[in-house]
Amino acid sequence: MRNSIALLFLSGALLLASCDLFGSENGEPLVFQNVEDAEPLKVQNAQTAVFKGEATWTTFWEEHVTQINADGEQIAPPEVNFAENMLIAVFWGDNGYAGCSFFAEAIKGVSAQSDALIVEIGKLPDLGPCRMSVMPLHVIKVDRTEAAVVFKGRVPH
């Protein structure tokens with residue numbers, strides 16, 4: 001009887017240890033926040049991006065925004081505290097998408113696995129009836145991590 005209990009206890013401990021080592025298949029879901037103020041970005045090439053610093057975010061913004069403010073200056077990028085947060089972005093480019101909306105909530109979830117953040121991209125939603133030419137995008141803010149970011153699902157290319 002004692003051996004059975006010890007074996008049961010050992011089996012349970014090994015099972016828990018393997019869960020910690022390998023993580024669940026889907027990982028731990030993370031909370032993210034849409035950055036709708038990123039809508040002025042007009043990125044012509046389909047791509048994904050991760051911004052972990054002010055310099056790369058500002059440079060990317062300056063390369064892809066043409067809107068100007070009342071003073072005739074390029075509008076500033078949304079502020080991000082990169083010490084605490086990072087941005088994850090998906091751009092569908094100028095691939096014939098049309099509609100009224102540039103901002104397209106297609107990132108369905110972000111999960112943390114032992115060695116990476118997994119970003120699940122779903123179907124591009126309806127962009128509205130206008131049928132004007134657009135370059136849809138979805139930019140989110142998450143807690144900063146040094147883990148790799150892996151995009152899965154309907155990744156634009």
# chains A, B, ... in the order shown; residues from 1 in each chain; ligands from 1
>>> select_by_dssp(residues="range 27-137 of chain A", states="strand (DSSP E or B)", output="PyMOL selection string")
chain A and resi 28-30+33-34+47-51+68+74+85-91+98-99+103+107-112+116-121+132-133+137
>>> closest_atom_pairs(of="range 128-155 of chain A", to="range 69-78 of chain A", cutoff="12 Å", atoms="only C-alpha atoms", output="Markdown table")
| residue | atom | partner | partner_atom | distance |
| --- | --- | --- | --- | --- |
| A:Val139 | CA | A:Pro78 | CA | 10.9 |
| A:Ile140 | CA | A:Pro78 | CA | 11.5 |
| A:Lys141 | CA | A:Pro78 | CA | 10.9 |
>>> write_last_selection(atoms="all heavy atoms", output="mmCIF file, in the first residue's frame")
data_model
loop_
_atom_site.group_PDB
_atom_site.id
_atom_site.type_symbol
_atom_site.label_atom_id
_atom_site.label_comp_id
_atom_site.auth_asym_id
_atom_site.auth_seq_id
_atom_site.Cartn_x
_atom_site.Cartn_y
_atom_site.Cartn_z
ATOM 1 N N VAL A 139 -2.473 46.910 -34.270
ATOM 2 C CA VAL A 139 -1.343 47.133 -33.371
ATOM 3 C C VAL A 139 -1.861 46.961 -31.948
ATOM 4 O O VAL A 139 -2.894 47.528 -31.591
ATOM 5 C CB VAL A 139 -0.735 48.542 -33.554
ATOM 6 C CG1 VAL A 139 0.433 48.749 -32.603
ATOM 7 C CG2 VAL A 139 -0.297 48.758 -34.995
ATOM 8 N N ILE A 140 -1.128 46.168 -31.162
ATOM 9 C CA ILE A 140 -1.516 45.941 -29.769
ATOM 10 C C ILE A 140 -0.337 46.241 -28.846
ATOM 11 O O ILE A 140 0.825 46.219 -29.269
ATOM 12 C CB ILE A 140 -2.026 44.504 -29.529
ATOM 13 C CG1 ILE A 140 -0.929 43.473 -29.798
ATOM 14 C CG2 ILE A 140 -3.278 44.235 -30.343
ATOM 15 C CD1 ILE A 140 -1.268 42.061 -29.345
ATOM 16 N N LYS A 141 -0.672 46.509 -27.591
ATOM 17 C CA LYS A 141 0.334 46.733 -26.558
ATOM 18 C C LYS A 141 0.215 45.610 -25.536
ATOM 19 O O LYS A 141 -0.889 45.275 -25.103
ATOM 20 C CB LYS A 141 0.088 48.097 -25.888
ATOM 21 C CG LYS A 141 1.077 48.417 -24.796
ATOM 22 C CD LYS A 141 0.970 49.862 -24.301
ATOM 23 C CE LYS A 141 -0.379 50.214 -23.774
ATOM 24 N NZ LYS A 141 -0.447 51.537 -23.143
#
>>> closest_residue(among="A:Met132, A:Cys100, A:Ile88, A:Ile107", to="Lys152 in chain A", atoms="only C-alpha atoms")
A:Ile107
>>> closest_residue(among="A:Gly96, A:Pro40, A:Gly128, A:Gly153", to="Gly109 in chain A", atoms="only C-alpha atoms")
A:Gly153
>>> select_by_dssp(residues="chain A", states="helix (DSSP H, G or I)", output="number ranges by chain")
A: 2-22, 36-38, 54-64
>>> atom_distance(atom1="CA of Met135 in chain A", atom2="CA of Asn34 in chain A")
17.0 Å
>>> decode(residues="range 26-111 of chain A", atoms="C-alpha atoms", output="mmCIF file, in the first residue's frame")
data_model
loop_
_atom_site.group_PDB
_atom_site.id
_atom_site.type_symbol
_atom_site.label_atom_id
_atom_site.label_comp_id
_atom_site.auth_asym_id
_atom_site.auth_seq_id
_atom_site.Cartn_x
_atom_site.Cartn_y
_atom_site.Cartn_z
ATOM 1 C CA ASN A 26 -1.718 27.031 -25.990
ATOM 2 C CA GLY A 27 0.313 28.742 -23.270
ATOM 3 C CA GLU A 28 -0.967 31.190 -20.703
ATOM 4 C CA PRO A 29 -3.312 33.811 -22.252
ATOM 5 C CA LEU A 30 -2.082 37.394 -21.910
ATOM 6 C CA VAL A 31 -4.080 40.581 -21.734
ATOM 7 C CA PHE A 32 -3.408 43.034 -24.555
ATOM 8 C CA GLN A 33 -4.660 46.500 -25.431
ATOM 9 C CA ASN A 34 -5.470 47.788 -28.920
ATOM 10 C CA VAL A 35 -3.475 50.839 -30.031
ATOM 11 C CA GLU A 36 -6.072 52.427 -32.292
ATOM 12 C CA ASP A 37 -4.045 55.662 -32.408
ATOM 13 C CA ALA A 38 -1.650 53.784 -34.713
ATOM 14 C CA GLU A 39 -4.214 53.992 -37.537
ATOM 15 C CA PRO A 40 -2.286 56.719 -39.427
ATOM 16 C CA LEU A 41 0.399 54.143 -40.314
ATOM 17 C CA LYS A 42 0.218 53.363 -44.023
ATOM 18 C CA VAL A 43 2.388 50.285 -44.491
ATOM 19 C CA GLN A 44 2.385 49.147 -48.118
ATOM 20 C CA ASN A 45 4.072 45.769 -47.642
ATOM 21 C CA ALA A 46 2.353 42.969 -45.751
ATOM 22 C CA GLN A 47 4.367 42.201 -42.634
ATOM 23 C CA THR A 48 4.469 41.721 -38.903
ATOM 24 C CA ALA A 49 6.536 43.782 -36.465
ATOM 25 C CA VAL A 50 7.540 43.901 -32.816
ATOM 26 C CA PHE A 51 8.609 47.195 -31.244
ATOM 27 C CA LYS A 52 10.527 47.016 -27.976
ATOM 28 C CA GLY A 53 12.112 50.469 -28.030
ATOM 29 C CA GLU A 54 11.299 54.118 -28.639
ATOM 30 C CA ALA A 55 13.879 54.578 -31.412
ATOM 31 C CA THR A 56 12.651 51.732 -33.638
ATOM 32 C CA TRP A 57 8.999 52.688 -33.054
ATOM 33 C CA THR A 58 9.610 56.366 -33.907
ATOM 34 C CA THR A 59 11.684 55.526 -36.995
ATOM 35 C CA PHE A 60 9.014 53.122 -38.272
ATOM 36 C CA TRP A 61 6.318 55.741 -37.606
ATOM 37 C CA GLU A 62 8.216 58.460 -39.469
ATOM 38 C CA GLU A 63 8.691 56.153 -42.475
ATOM 39 C CA HIS A 64 4.996 55.216 -42.706
ATOM 40 C CA VAL A 65 2.964 58.259 -41.658
ATOM 41 C CA THR A 66 2.244 61.203 -43.948
ATOM 42 C CA GLN A 67 -0.410 63.031 -41.907
ATOM 43 C CA ILE A 68 0.479 66.454 -40.566
ATOM 44 C CA ASN A 69 -0.903 68.417 -37.638
ATOM 45 C CA ALA A 70 -2.170 72.043 -37.603
ATOM 46 C CA ASP A 71 1.441 73.291 -37.351
ATOM 47 C CA GLY A 72 2.402 71.488 -40.543
ATOM 48 C CA GLU A 73 4.458 68.860 -38.701
ATOM 49 C CA GLN A 74 4.120 65.106 -38.956
ATOM 50 C CA ILE A 75 1.782 63.798 -36.267
ATOM 51 C CA ALA A 76 3.557 62.124 -33.378
ATOM 52 C CA PRO A 77 3.340 58.394 -32.709
ATOM 53 C CA PRO A 78 1.245 57.140 -29.800
ATOM 54 C CA GLU A 79 3.293 57.240 -26.604
ATOM 55 C CA VAL A 80 4.435 53.921 -25.182
ATOM 56 C CA ASN A 81 6.356 53.246 -21.983
ATOM 57 C CA PHE A 82 8.830 50.775 -23.475
ATOM 58 C CA ALA A 83 10.322 50.028 -20.051
ATOM 59 C CA GLU A 84 7.030 48.275 -19.218
ATOM 60 C CA ASN A 85 5.375 47.549 -22.567
ATOM 61 C CA MET A 86 6.040 46.583 -26.159
ATOM 62 C CA LEU A 87 4.008 46.752 -29.346
ATOM 63 C CA ILE A 88 3.087 43.886 -31.632
ATOM 64 C CA ALA A 89 1.785 44.798 -35.077
ATOM 65 C CA VAL A 90 0.268 43.101 -38.103
ATOM 66 C CA PHE A 91 0.081 44.918 -41.445
ATOM 67 C CA TRP A 92 -1.786 43.518 -44.456
ATOM 68 C CA GLY A 93 -0.245 46.053 -46.845
ATOM 69 C CA ASP A 94 -1.702 47.403 -50.047
ATOM 70 C CA ASN A 95 -2.987 44.069 -51.333
ATOM 71 C CA GLY A 96 -6.296 45.218 -52.748
ATOM 72 C CA TYR A 97 -8.138 45.452 -49.429
ATOM 73 C CA ALA A 98 -10.853 48.091 -49.520
ATOM 74 C CA GLY A 99 -13.286 49.540 -47.027
ATOM 75 C CA CYS A 100 -13.756 52.393 -44.574
ATOM 76 C CA SER A 101 -11.547 51.222 -41.727
ATOM 77 C CA PHE A 102 -7.776 50.894 -41.528
ATOM 78 C CA PHE A 103 -7.822 49.402 -38.016
ATOM 79 C CA ALA A 104 -8.652 45.700 -38.216
ATOM 80 C CA GLU A 105 -8.952 43.675 -35.014
ATOM 81 C CA ALA A 106 -7.574 40.376 -36.261
ATOM 82 C CA ILE A 107 -5.157 39.472 -33.468
ATOM 83 C CA LYS A 108 -7.315 36.966 -31.631
ATOM 84 C CA GLY A 109 -5.017 36.248 -28.734
ATOM 85 C CA VAL A 110 -1.536 36.346 -27.276
ATOM 86 C CA SER A 111 -0.219 33.582 -25.064
#
